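One file, protein_9.csv, is given below (CSV, C-alpha atoms and all ligand atoms).
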chain,number,residue,atom,x,y,z
A,75,MET,CA,3.2,1.0,-9.8
A,76,LYS,CA,3.2,3.3,-6.8
A,77,LYS,CA,1.6,0.7,-4.7
A,78,PHE,CA,4.4,-1.8,-5.6
A,79,ALA,CA,7.1,0.7,-4.7
A,80,CYS,CA,5.5,1.3,-1.3
A,81,LEU,CA,5.4,-2.4,-0.7
A,82,SER,CA,9.1,-2.8,-1.6
A,83,LEU,CA,10.1,0.0,0.8
A,84,PHE,CA,7.9,-1.5,3.5
A,85,LEU,CA,9.5,-5.0,3.0
A,86,ALA,CA,13.0,-3.6,3.0
A,87,ALA,CA,12.4,-1.5,6.1
A,88,SER,CA,10.8,-4.4,8.0
A,89,ALA,CA,13.5,-6.8,6.9
A,90,THR,CA,16.2,-4.5,8.3
A,91,ALA,CA,14.3,-4.2,11.6
A,92,LEU,CA,14.2,-7.9,12.0
A,93,ASN,CA,17.8,-8.5,10.9
A,94,THR,CA,19.2,-6.1,13.5
A,95,GLN,CA,18.1,-8.5,16.2
A,96,ALA,CA,19.7,-11.5,14.6
A,97,GLN,CA,22.8,-11.5,16.9
A,98,ASP,CA,20.6,-12.2,20.0
A,99,LYS,CA,18.7,-15.5,20.4
A,100,VAL,CA,15.8,-14.8,18.2
A,101,LEU,CA,13.3,-16.5,16.0
A,102,ASN,CA,11.6,-14.8,13.1
A,103,LEU,CA,8.2,-16.4,12.7
A,104,TYR,CA,6.0,-15.8,9.7
A,105,SER,CA,2.5,-17.0,10.7
A,106,ALA,CA,-0.7,-17.6,8.9
A,107,ARG,CA,-2.2,-18.4,12.2
A,108,HIS,CA,-3.3,-15.7,14.6
A,109,TYR,CA,-5.3,-16.9,17.5
A,110,GLN,CA,-5.2,-15.2,20.8
A,111,THR,CA,-4.4,-18.5,22.6
A,112,ASP,CA,-1.2,-18.8,20.5
A,113,GLU,CA,0.2,-15.6,22.3
A,114,ALA,CA,0.5,-17.3,25.7
A,115,MET,CA,2.2,-20.3,24.1
A,116,TYR,CA,4.8,-18.1,22.3
A,117,GLU,CA,5.5,-16.3,25.6
A,118,THR,CA,6.1,-19.6,27.3
A,119,PHE,CA,8.6,-20.6,24.5
A,120,THR,CA,10.5,-17.3,25.0
A,121,ARG,CA,10.6,-17.7,28.8
A,122,THR,CA,11.7,-21.3,28.8
A,123,LYS,CA,14.1,-21.3,25.8
A,124,GLY,CA,15.4,-17.7,26.0
A,125,ILE,CA,14.6,-17.1,22.4
A,126,LYS,CA,12.7,-14.0,21.4
A,127,ILE,CA,10.0,-14.3,18.8
A,128,ASN,CA,9.5,-11.6,16.1
A,129,ARG,CA,6.2,-12.4,14.5
A,130,VAL,CA,4.9,-11.4,11.1
A,131,ASP,CA,1.2,-12.1,10.6
A,132,ALA,CA,-0.4,-12.4,7.2
A,133,ASP,CA,-2.7,-14.8,5.4
A,134,ASP,CA,-1.2,-17.8,3.6
A,135,ALA,CA,-1.0,-16.2,0.2
A,136,GLY,CA,0.5,-13.0,1.8
A,137,ILE,CA,3.3,-15.0,3.5
A,138,VAL,CA,4.2,-16.8,0.3
A,139,ALA,CA,4.2,-13.5,-1.7
A,140,ARG,CA,6.4,-11.9,1.0
A,141,LEU,CA,8.9,-14.8,1.1
A,142,LYS,CA,9.2,-14.6,-2.7
A,143,ALA,CA,9.6,-10.8,-2.7
A,144,GLU,CA,12.3,-10.9,0.0
A,145,GLY,CA,14.3,-13.7,-1.6
A,146,ALA,CA,17.7,-14.4,0.0
A,147,ALA,CA,17.3,-11.3,2.2
A,148,SER,CA,14.3,-12.7,4.0
A,149,PRO,CA,14.7,-12.7,7.8
A,150,ALA,CA,12.1,-15.5,8.1
A,151,ASP,CA,13.3,-18.6,10.1
A,152,VAL,CA,10.1,-20.6,10.5
A,153,ILE,CA,6.8,-20.4,8.6
A,154,LEU,CA,3.3,-21.5,9.7
A,155,LEU,CA,0.9,-22.3,6.9
A,156,VAL,CA,-2.5,-24.0,6.8
A,157,ASP,CA,-3.3,-27.1,4.7
A,158,ALA,CA,-0.8,-29.5,3.1
A,159,ALA,CA,-1.7,-28.1,-0.4
A,160,ARG,CA,-0.4,-24.7,0.6
A,161,LEU,CA,2.7,-26.2,2.3
A,162,ALA,CA,3.4,-28.4,-0.8
A,163,SER,CA,2.9,-25.4,-3.1
A,164,ALA,CA,5.3,-23.2,-1.2
A,165,ASP,CA,7.8,-26.1,-1.0
A,166,SER,CA,7.6,-26.6,-4.8
A,167,GLN,CA,8.5,-22.9,-5.2
A,168,GLY,CA,11.7,-23.5,-3.2
A,169,LEU,CA,10.8,-21.5,-0.1
A,170,PHE,CA,11.7,-24.2,2.5
A,171,LEU,CA,14.9,-25.8,3.9
A,172,PRO,CA,14.8,-29.5,4.7
A,173,PHE,CA,15.4,-30.2,8.4
A,174,LYS,CA,16.0,-33.2,10.7
A,175,SER,CA,14.7,-33.7,14.2
A,176,ALA,CA,14.7,-37.0,16.0
A,177,LYS,CA,12.1,-35.5,18.5
A,178,LEU,CA,9.7,-34.6,15.7
A,179,ASP,CA,10.3,-38.0,14.0
A,180,ALA,CA,9.2,-39.7,17.2
A,181,THR,CA,6.2,-37.3,17.9
A,182,ILE,CA,4.5,-36.4,14.7
A,183,PRO,CA,3.1,-39.3,12.6
A,184,ALA,CA,4.9,-39.7,9.3
A,185,ASN,CA,1.7,-39.4,7.3
A,186,LEU,CA,1.3,-35.8,8.6
A,187,ARG,CA,4.7,-34.7,7.2
A,188,ALA,CA,6.3,-34.1,3.8
A,189,THR,CA,7.8,-37.2,2.2
A,190,ALA,CA,11.2,-37.7,3.8
A,191,THR,CA,14.4,-37.6,1.8
A,192,ALA,CA,18.1,-38.0,2.8
A,193,ASP,CA,18.0,-34.3,3.8
A,194,GLY,CA,15.0,-34.8,6.1
A,195,VAL,CA,11.6,-33.3,5.6
A,196,THR,CA,10.5,-29.9,4.3
A,197,TRP,CA,7.3,-29.5,6.4
A,198,THR,CA,5.4,-31.0,9.2
A,199,GLY,CA,1.9,-30.8,10.6
A,200,PHE,CA,1.1,-29.7,14.2
A,201,SER,CA,-2.7,-29.9,14.2
A,202,THR,CA,-5.3,-31.7,12.2
A,203,ARG,CA,-8.8,-30.9,10.9
A,204,ALA,CA,-11.1,-33.4,9.2
A,205,ARG,CA,-12.9,-32.6,5.9
A,206,VAL,CA,-16.5,-33.9,6.5
A,207,ILE,CA,-19.8,-34.0,4.7
A,208,VAL,CA,-22.8,-32.0,6.0
A,209,TYR,CA,-26.2,-32.9,4.7
A,210,ASP,CA,-29.9,-31.9,5.0
A,211,PRO,CA,-31.7,-34.9,6.7
A,212,LEU,CA,-35.0,-33.8,5.2
A,213,ARG,CA,-33.6,-34.5,1.7
A,214,VAL,CA,-30.8,-36.9,2.1
A,215,LYS,CA,-30.4,-40.3,3.8
A,216,ALA,CA,-27.3,-40.9,6.0
A,217,SER,CA,-26.6,-44.0,4.0
A,218,ASP,CA,-26.3,-41.9,0.8
A,219,VAL,CA,-23.4,-39.8,2.2
A,220,ALA,CA,-21.4,-42.4,4.0
A,221,THR,CA,-18.4,-42.0,1.6
A,222,TYR,CA,-16.7,-39.3,-0.5
A,223,GLU,CA,-17.2,-41.7,-3.4
A,224,GLN,CA,-21.0,-41.3,-3.1
A,225,LEU,CA,-20.8,-37.5,-3.8
A,226,ALA,CA,-20.7,-38.7,-7.4
A,227,ALA,CA,-23.6,-41.1,-7.1
A,228,PRO,CA,-27.0,-40.5,-9.0
A,229,GLN,CA,-28.9,-40.3,-5.6
A,230,LEU,CA,-27.3,-36.9,-5.0
A,231,LYS,CA,-28.1,-35.3,-8.4
A,232,GLY,CA,-28.5,-31.5,-8.1
A,233,MET,CA,-27.6,-31.5,-4.4
A,234,VAL,CA,-23.9,-31.1,-4.0
A,235,CYS,CA,-22.3,-27.8,-3.0
A,236,THR,CA,-18.6,-27.1,-2.5
A,237,ARG,CA,-16.3,-24.1,-2.5
A,238,SER,CA,-13.9,-23.8,-5.5
A,239,GLY,CA,-12.4,-27.1,-6.5
A,240,SER,CA,-9.0,-25.4,-6.8
A,241,HIS,CA,-9.1,-24.2,-3.2
A,242,PRO,CA,-6.3,-25.9,-1.2
A,243,TYR,CA,-8.8,-27.7,1.1
A,244,ASN,CA,-10.4,-29.4,-1.9
A,245,LEU,CA,-7.2,-29.9,-3.8
A,246,SER,CA,-5.8,-31.8,-0.8
A,247,LEU,CA,-8.9,-34.0,-0.4
A,248,PHE,CA,-9.1,-34.7,-4.2
A,249,SER,CA,-5.4,-35.6,-4.2
A,250,THR,CA,-5.9,-38.3,-1.7
A,251,VAL,CA,-9.0,-39.5,-3.4
A,252,VAL,CA,-7.0,-39.8,-6.7
A,253,GLU,CA,-4.2,-41.5,-4.8
A,254,ARG,CA,-6.7,-44.2,-3.6
A,255,MET,CA,-8.8,-44.6,-6.8
A,256,GLY,CA,-6.1,-44.1,-9.4
A,257,ASP,CA,-6.1,-41.4,-12.2
A,258,ALA,CA,-8.9,-42.7,-14.5
A,259,LYS,CA,-11.4,-43.5,-11.7
A,260,GLY,CA,-10.4,-40.4,-9.8
A,261,GLU,CA,-11.1,-38.1,-12.7
A,262,ALA,CA,-14.4,-39.9,-13.4
A,263,TRP,CA,-15.4,-39.3,-9.8
A,264,LEU,CA,-14.6,-35.6,-10.1
A,265,LYS,CA,-16.8,-35.4,-13.2
A,266,GLY,CA,-19.5,-37.1,-11.3
A,267,VAL,CA,-19.3,-34.6,-8.5
A,268,VAL,CA,-19.5,-31.7,-11.0
A,269,ASP,CA,-22.6,-33.4,-12.6
A,270,ASN,CA,-24.3,-33.5,-9.1
A,271,MET,CA,-23.8,-29.9,-8.2
A,272,ALA,CA,-26.7,-27.8,-7.0
A,273,ARG,CA,-24.9,-24.6,-8.2
A,274,ALA,CA,-21.5,-23.5,-9.4
A,275,PRO,CA,-18.8,-23.5,-6.6
A,276,LYS,CA,-18.7,-20.3,-4.7
A,277,GLY,CA,-18.0,-19.0,-1.2
A,278,GLY,CA,-16.1,-20.6,1.7
A,279,ASP,CA,-16.9,-23.7,3.7
A,280,THR,CA,-19.2,-22.0,6.1
A,281,ASP,CA,-21.2,-20.6,3.2
A,282,GLN,CA,-21.8,-24.2,2.0
A,283,VAL,CA,-23.0,-25.3,5.5
A,284,ARG,CA,-25.4,-22.3,5.5
A,285,ALA,CA,-26.7,-23.2,2.1
A,286,VAL,CA,-27.5,-26.7,3.3
A,287,ALA,CA,-29.4,-25.3,6.2
A,288,SER,CA,-31.3,-22.9,3.9
A,289,GLY,CA,-32.3,-25.8,1.6
A,290,GLU,CA,-30.3,-24.5,-1.4
A,291,CYS,CA,-28.0,-27.5,-1.2
A,292,GLY,CA,-28.5,-31.0,0.0
A,293,VAL,CA,-24.9,-31.9,0.7
A,294,ALA,CA,-21.7,-30.0,1.2
A,295,LEU,CA,-18.0,-30.4,2.2
A,296,THR,CA,-16.5,-28.5,5.2
A,297,ASN,CA,-13.6,-28.6,7.6
A,298,THR,CA,-14.6,-29.5,11.1
A,299,TYR,CA,-13.4,-26.3,12.8
A,300,TYR,CA,-16.0,-24.2,10.9
A,301,LEU,CA,-18.7,-26.4,12.3
A,302,ALA,CA,-17.2,-26.0,15.8
A,303,ARG,CA,-17.3,-22.2,15.4
A,304,LEU,CA,-21.0,-22.3,14.4
A,305,ILE,CA,-21.8,-24.6,17.4
A,306,LYS,CA,-19.9,-22.2,19.8
A,307,SER,CA,-21.2,-19.0,18.2
A,308,THR,CA,-23.0,-16.4,20.4
A,309,LYS,CA,-25.3,-15.7,17.4
A,310,PRO,CA,-28.6,-17.7,17.6
A,311,GLU,CA,-28.8,-17.8,13.8
A,312,ASP,CA,-25.4,-19.7,13.7
A,313,ARG,CA,-26.6,-22.3,16.1
A,314,ALA,CA,-29.8,-22.6,14.2
A,315,VAL,CA,-27.8,-23.5,11.1
A,316,MET,CA,-26.3,-26.5,13.0
A,317,GLU,CA,-29.7,-27.6,14.2
A,318,LYS,CA,-30.8,-28.0,10.5
A,319,VAL,CA,-27.8,-30.0,9.3
A,320,LYS,CA,-26.2,-33.4,10.1
A,321,VAL,CA,-22.5,-34.2,10.0
A,322,VAL,CA,-20.9,-37.3,8.6
A,323,PHE,CA,-17.3,-38.4,9.0
A,324,PRO,CA,-17.0,-40.1,5.6
A,325,ASN,CA,-15.3,-43.5,4.7
A,326,GLN,CA,-15.5,-44.8,8.3
A,327,GLY,CA,-15.9,-48.3,6.9
A,328,THR,CA,-13.1,-48.0,4.4
A,329,SER,CA,-10.2,-45.5,4.0
A,330,GLY,CA,-11.1,-43.2,6.9
A,331,THR,CA,-12.0,-39.5,6.8
A,332,HIS,CA,-9.6,-37.1,5.1
A,333,VAL,CA,-7.6,-35.1,7.6
A,334,ASN,CA,-5.4,-32.2,6.8
A,335,ILE,CA,-3.0,-30.1,8.8
A,336,ALA,CA,-1.8,-26.7,9.9
A,337,GLY,CA,1.9,-27.1,9.7
A,338,ALA,CA,5.4,-25.5,9.8
A,339,ALA,CA,8.5,-25.3,7.8
A,340,VAL,CA,12.0,-23.9,8.1
A,341,ALA,CA,12.5,-20.9,5.7
A,342,LYS,CA,14.9,-21.4,2.9
A,343,HIS,CA,17.2,-18.6,4.0
A,344,ALA,CA,16.8,-19.1,7.8
A,345,LYS,CA,19.6,-17.5,9.8
A,346,ASN,CA,18.4,-19.2,13.0
A,347,LYS,CA,17.8,-22.7,11.8
A,348,ASP,CA,18.5,-24.3,15.2
A,349,ASN,CA,16.0,-21.9,16.9
A,350,ALA,CA,13.4,-22.8,14.2
A,351,ILE,CA,13.8,-26.5,14.9
A,352,ALA,CA,13.7,-25.8,18.7
A,353,PHE,CA,10.4,-23.9,18.1
A,354,MET,CA,8.9,-26.7,16.1
A,355,GLU,CA,9.9,-29.3,18.7
A,356,PHE,CA,8.3,-27.0,21.3
A,357,LEU,CA,5.1,-27.0,19.2
A,358,SER,CA,5.0,-30.8,19.4
A,359,SER,CA,5.0,-30.8,23.2
A,360,ALA,CA,1.7,-31.7,24.9
A,361,TYR,CA,1.6,-28.2,26.4
A,362,ALA,CA,1.8,-26.4,23.1
A,363,GLN,CA,-0.3,-29.0,21.2
A,364,ASP,CA,-3.2,-28.1,23.5
A,365,TYR,CA,-3.0,-24.4,22.6
A,366,PHE,CA,-2.2,-25.0,18.9
A,367,ALA,CA,-5.1,-27.3,18.3
A,368,ASN,CA,-7.7,-25.8,20.5
A,369,GLY,CA,-6.9,-22.2,19.3
A,370,ASN,CA,-8.8,-23.1,16.1
A,371,ASN,CA,-10.9,-26.1,17.3
A,372,GLU,CA,-8.5,-28.6,15.7
A,373,PHE,CA,-7.1,-31.9,16.8
A,374,PRO,CA,-3.5,-32.3,18.1
A,375,ALA,CA,-1.1,-34.0,15.6
A,376,ALA,CA,1.3,-35.3,18.2
A,377,LYS,CA,1.0,-39.0,19.1
A,378,GLY,CA,-0.9,-39.7,22.3
A,379,VAL,CA,-2.1,-36.1,22.9
A,380,LYS,CA,-5.8,-35.6,23.3
A,381,VAL,CA,-7.7,-32.3,23.7
A,382,GLU,CA,-11.1,-31.8,25.3
A,383,ASN,CA,-13.2,-29.8,22.9
A,384,ALA,CA,-16.9,-30.2,23.5
A,385,ALA,CA,-18.0,-28.8,20.1
A,386,LEU,CA,-15.7,-31.3,18.2
A,387,LYS,CA,-16.9,-34.1,20.5
A,388,SER,CA,-20.5,-33.3,19.9
A,389,MET,CA,-20.1,-34.1,16.2
A,390,GLY,CA,-18.1,-37.3,16.8
A,391,GLY,CA,-14.7,-35.7,16.5
A,392,ASP,CA,-13.2,-37.8,19.4
A,393,THR,CA,-13.8,-41.2,17.9
A,394,PHE,CA,-13.6,-41.1,14.1
A,395,LYS,CA,-11.2,-43.1,11.9
A,396,ALA,CA,-8.8,-40.8,10.1
A,397,GLU,CA,-7.3,-41.4,6.7
A,398,GLN,CA,-3.7,-42.7,6.8
A,399,ILE,CA,-2.6,-41.7,3.3
A,400,PRO,CA,0.6,-39.7,3.6
A,401,LEU,CA,-0.1,-36.0,3.0
A,402,GLY,CA,3.1,-36.1,0.9
A,403,SER,CA,0.8,-37.6,-1.8
A,404,VAL,CA,-0.9,-34.2,-2.0
A,405,ALA,CA,2.4,-32.7,-3.1
A,406,LYS,CA,2.7,-35.4,-5.7
A,407,ASN,CA,-0.8,-35.2,-7.1
A,408,MET,CA,-1.7,-31.5,-6.8
A,409,VAL,CA,-0.8,-30.4,-10.3
A,410,LYS,CA,-2.4,-33.4,-11.9
A,411,VAL,CA,-5.6,-33.0,-9.9
A,412,GLN,CA,-5.8,-29.3,-11.0
A,413,GLN,CA,-5.5,-30.4,-14.6
A,414,MET,CA,-8.3,-32.9,-14.0
A,415,LEU,CA,-10.5,-30.2,-12.5
A,416,ASP,CA,-9.9,-28.1,-15.6
A,417,ARG,CA,-10.9,-31.0,-17.9
A,418,VAL,CA,-14.1,-31.9,-16.0
A,419,GLY,CA,-15.2,-28.2,-15.7
A,420,TYR,CA,-14.9,-28.1,-11.8
A,421,LYS,CA,-14.6,-24.3,-11.2
B,501,FE,FE,-10.0,-22.5,6.9
As structure tokens, how would this structure be written, given the file I've shared?
Amino acid sequence: MKKFACLSLFLAASATALNTQAQDKVLNLYSARHYQTDEAMYETFTRTKGIKINRVDADDAGIVARLKAEGAASPADVILLVDAARLASADSQGLFLPFKSAKLDATIPANLRATATADGVTWTGFSTRARVIVYDPLRVKASDVATYEQLAAPQLKGMVCTRSGSHPYNLSLFSTVVERMGDAKGEAWLKGVVDNMARAPKGGDTDQVRAVASGECGVALTNTYYLARLIKSTKPEDRAVMEKVKVVFPNQGTSGTHVNIAGAAVAKHAKNKDNAIAFMEFLSSAYAQDYFANGNNEFPAAKGVKVENAALKSMGGDTFKAEQIPLGSVAKNMVKVQQMLDRVGYK
């Protein structure tokens, strides 16, 4: 009880602090991204556009909780969240304001944005990451992990490891699998993955990769930037992990590898909507794309922008075929997929 009262006071005080600056050209940014390289990018935005950025950093869940607690009094103008499932979830809770931008329409591929309505879109991606398969070459053949579909095949019995099925990264992937396969086959596939597990889901993506290296698991799912971090790590034990595992970009011969986004949205009660759109348009520039994507070893989302990242390149990140299913399908399928997970016992 006391804790909650303190939180409310803190929220009220910080909201006032941010609101007092609203008469100047200002942008109140709530960000679930906090990479040092982003700082320089924000300074360039302020210098070139004359718009001061007030930043609130929290993790994705913290930002959503804060927006809900603040309600209509929220000073937030623009929100950065990670993964389409989290963006879709916040959107479904009414936290975003639809926006239109001809520049973003031309720059960011439609499949990396929310489904458009007459009012525009409610969120858009600015960088992408691929969800790939990592396997132990001593136990698993490359041909047995060429597709996501094969994660449910009998050859991988007792070998599959993932983080929680309900985690946004998996909810998003599973939503696009169900979109491709249809409900009945999609649910049967999820059941097959559960039947193939080496252990109950636990830990994060990096933990799955380590468990493949240690021999506990034969196959695992991970986002690409976690692999890049291990490759770039100064710790010899991290690099040793990457020497024991192999990476596959699944579905290269069919639908392409699932890619997800870090993205942005205009806050429902934004008082500086134009500045929020100007900021998002700035994020789509080649200059900002480089910072935004490379800050977390991701790929740029803007058309025609490429980033040199040796770690991503070393695993084939510069040439793979990406899935083209609109991430708006994640929003559509997320609740249904969660119900499927509950039915098949995917923890
Ligand atoms: Fe992550």
Cut-off 12 Å, all atoms listed in the file, neighbours of ligand FE 501 (chain B) as a ChimeraX atom specification: /A:106-107,133-134,155-157,160,202-205,237,241-244,277-281,296-303,334-336,370-372
Within-12 Å shell of (12.2, -38.3, 5.0) in input frame, only C-alpha atoms, as a list in words: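 Here the neighbourhood of the point contains Pro172, Phe173, Lys174, Ser175, Ala176, Leu178, Asp179, Pro183, Ala184, Asn185, Leu186, Arg187, Ala188, Thr189, Ala190, Thr191, Ala192, Asp193, Gly194, Val195, Thr196, Trp197, Thr198, Pro400 and Gly402 of chain A.
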Expected answer as a ChimeraX atom specification: all residues with atoms within 12 Å of (-26.7, -25.9, 14.8), only C-alpha atoms: /A:208,210,283-284,286-287,300-321,385,388-389
Pick from A:Asn270, A:Lys410, A:Thr250, A:Leu264, whichever lies nearest to Leu230 (chain A) using all atoms listed in the file: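 The shortest atom-to-atom distance to Leu230 (chain A) comes from A:Asn270.
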Å distance separating CA of Asp416 (chain A) from CA of Ser166 (chain A), one decimal place: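 Between these atoms lies a distance of 20.6 Å.
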Two-atom distance - CA of Ser240 (chain A), CA of Val267 (chain A) (Å):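 Result for CA of Ser240 (chain A) versus CA of Val267 (chain A): 13.9 Å, one decimal.
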d(CA of Ser217 (chain A), CA of Gly239 (chain A)) in Å: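 Separation between CA of Ser217 (chain A) and CA of Gly239 (chain A): 24.4 Å.
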For Thr118 (chain A), the nearest of the candidates A:Thr236, A:Ser249, A:Tyr361, A:Lys406, counting all atoms listed in the file: A:Tyr361
Exercise: Lys126 (chain A) partners within 12 Å, all atoms listed in the file, chain neighbours under 5 positions left out, as a list in words: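 After dropping sequence-adjacent residues, the list is Leu92, Gln95, Ala96, Gln97, Asp98, Lys99, Val100, Leu101, Asn102, Leu103, Tyr116, Glu117, Thr118, Phe119, Thr120, Arg121, Asn346, Asn349, Ala350 and Phe353 of chain A.
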As AutoDock Vina command-line options, what would the box around region 336-355 of chain A look like: edges along x, y and z, 6 Å added on every side, centre and edge lengths in Å to one decimal?
--center_x 8.9 --center_y -23.4 --center_z 10.8 --size_x 33.4 --size_y 23.8 --size_z 27.8
May I have the residues within 6 Å of region 152-154 of chain A as a short mmCIF file (atom, residue, chain, number, x, y, z; two decimals) with C-alpha atoms, in the coordinates of the input, using all atoms listed in the file and disregarding those fewer than 4 positions away in the same chain?
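Saved file part07.cif follows:
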data_model
loop_
_atom_site.label_atom_id
_atom_site.label_comp_id
_atom_site.auth_asym_id
_atom_site.auth_seq_id
_atom_site.Cartn_x
_atom_site.Cartn_y
_atom_site.Cartn_z
CA LEU A 103 8.20 -16.40 12.70
CA TYR A 104 6.00 -15.80 9.70
CA SER A 105 2.50 -17.00 10.70
CA ALA A 106 -0.70 -17.60 8.90
CA GLY A 337 1.90 -27.10 9.70
CA ALA A 338 5.40 -25.50 9.80
CA ALA A 339 8.50 -25.30 7.80
CA VAL A 340 12.00 -23.90 8.10
CA ALA A 341 12.50 -20.90 5.70
CA ALA A 350 13.40 -22.80 14.20
#
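Counting all atoms listed in the file, the residue from A:Asp392, A:Ala367, A:Lys342, A:Val206 that sits nearest to Glu144 (chain A) is A:Lys342.
For the choices A:Val130, A:Ala384, A:Ile137, A:Met271, the atom-to-atom distance to Lys421 (chain A) is smallest for A:Met271 when using all atoms listed in the file.
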Can you fill out region 381-400 of chain A with N, CA and C atoms and hand it back as a PDB file, in the coordinates of the input?
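part_7.pdb, written as the output of this step:
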ATOM      1  N   VAL A 381      -7.158 -33.582  23.215  1.00  0.00           N
ATOM      2  CA  VAL A 381      -7.700 -32.300  23.700  1.00  0.00           C
ATOM      3  C   VAL A 381      -9.153 -32.400  23.912  1.00  0.00           C
ATOM      4  N   GLU A 382      -9.623 -31.881  25.039  1.00  0.00           N
ATOM      5  CA  GLU A 382     -11.100 -31.800  25.300  1.00  0.00           C
ATOM      6  C   GLU A 382     -11.667 -30.655  24.559  1.00  0.00           C
ATOM      7  N   ASN A 383     -12.544 -30.901  23.621  1.00  0.00           N
ATOM      8  CA  ASN A 383     -13.200 -29.800  22.900  1.00  0.00           C
ATOM      9  C   ASN A 383     -14.659 -30.272  22.701  1.00  0.00           C
ATOM     10  N   ALA A 384     -15.554 -29.686  23.506  1.00  0.00           N
ATOM     11  CA  ALA A 384     -16.900 -30.200  23.500  1.00  0.00           C
ATOM     12  C   ALA A 384     -17.614 -30.054  22.168  1.00  0.00           C
ATOM     13  N   ALA A 385     -17.313 -28.990  21.422  1.00  0.00           N
ATOM     14  CA  ALA A 385     -18.000 -28.800  20.100  1.00  0.00           C
ATOM     15  C   ALA A 385     -17.531 -29.904  19.144  1.00  0.00           C
ATOM     16  N   LEU A 386     -16.234 -30.218  19.123  1.00  0.00           N
ATOM     17  CA  LEU A 386     -15.700 -31.300  18.200  1.00  0.00           C
ATOM     18  C   LEU A 386     -16.308 -32.635  18.680  1.00  0.00           C
ATOM     19  N   LYS A 387     -16.350 -32.826  19.995  1.00  0.00           N
ATOM     20  CA  LYS A 387     -16.900 -34.100  20.500  1.00  0.00           C
ATOM     21  C   LYS A 387     -18.316 -34.296  20.166  1.00  0.00           C
ATOM     22  N   SER A 388     -19.095 -33.220  20.184  1.00  0.00           N
ATOM     23  CA  SER A 388     -20.500 -33.300  19.900  1.00  0.00           C
ATOM     24  C   SER A 388     -20.816 -33.809  18.493  1.00  0.00           C
ATOM     25  N   MET A 389     -19.852 -33.635  17.587  1.00  0.00           N
ATOM     26  CA  MET A 389     -20.100 -34.100  16.200  1.00  0.00           C
ATOM     27  C   MET A 389     -19.327 -35.417  15.943  1.00  0.00           C
ATOM     28  N   GLY A 390     -18.764 -36.017  16.970  1.00  0.00           N
ATOM     29  CA  GLY A 390     -18.100 -37.300  16.800  1.00  0.00           C
ATOM     30  C   GLY A 390     -16.587 -37.155  16.535  1.00  0.00           C
ATOM     31  N   GLY A 391     -16.053 -35.980  16.837  1.00  0.00           N
ATOM     32  CA  GLY A 391     -14.700 -35.700  16.500  1.00  0.00           C
ATOM     33  C   GLY A 391     -13.648 -36.392  17.436  1.00  0.00           C
ATOM     34  N   ASP A 392     -14.127 -37.099  18.457  1.00  0.00           N
ATOM     35  CA  ASP A 392     -13.200 -37.800  19.400  1.00  0.00           C
ATOM     36  C   ASP A 392     -13.008 -39.248  19.051  1.00  0.00           C
ATOM     37  N   THR A 393     -13.806 -39.763  18.109  1.00  0.00           N
ATOM     38  CA  THR A 393     -13.800 -41.200  17.900  1.00  0.00           C
ATOM     39  C   THR A 393     -13.595 -41.642  16.438  1.00  0.00           C
ATOM     40  N   PHE A 394     -13.547 -40.712  15.515  1.00  0.00           N
ATOM     41  CA  PHE A 394     -13.600 -41.100  14.100  1.00  0.00           C
ATOM     42  C   PHE A 394     -12.288 -41.755  13.622  1.00  0.00           C
ATOM     43  N   LYS A 395     -12.417 -42.529  12.553  1.00  0.00           N
ATOM     44  CA  LYS A 395     -11.200 -43.100  11.900  1.00  0.00           C
ATOM     45  C   LYS A 395     -10.693 -42.178  10.868  1.00  0.00           C
ATOM     46  N   ALA A 396      -9.431 -41.803  11.020  1.00  0.00           N
ATOM     47  CA  ALA A 396      -8.800 -40.800  10.100  1.00  0.00           C
ATOM     48  C   ALA A 396      -8.060 -41.557   8.989  1.00  0.00           C
ATOM     49  N   GLU A 397      -8.085 -40.926   7.807  1.00  0.00           N
ATOM     50  CA  GLU A 397      -7.300 -41.400   6.700  1.00  0.00           C
ATOM     51  C   GLU A 397      -5.836 -41.473   6.992  1.00  0.00           C
ATOM     52  N   GLN A 398      -5.156 -42.503   6.526  1.00  0.00           N
ATOM     53  CA  GLN A 398      -3.700 -42.700   6.800  1.00  0.00           C
ATOM     54  C   GLN A 398      -2.835 -42.379   5.621  1.00  0.00           C
ATOM     55  N   ILE A 399      -3.421 -42.023   4.481  1.00  0.00           N
ATOM     56  CA  ILE A 399      -2.600 -41.700   3.300  1.00  0.00           C
ATOM     57  C   ILE A 399      -1.651 -40.583   3.605  1.00  0.00           C
ATOM     58  N   PRO A 400      -0.343 -40.752   3.335  1.00  0.00           N
ATOM     59  CA  PRO A 400       0.600 -39.700   3.600  1.00  0.00           C
ATOM     60  C   PRO A 400       0.209 -38.373   2.911  1.00  0.00           C
TER      61      PRO A 400
END
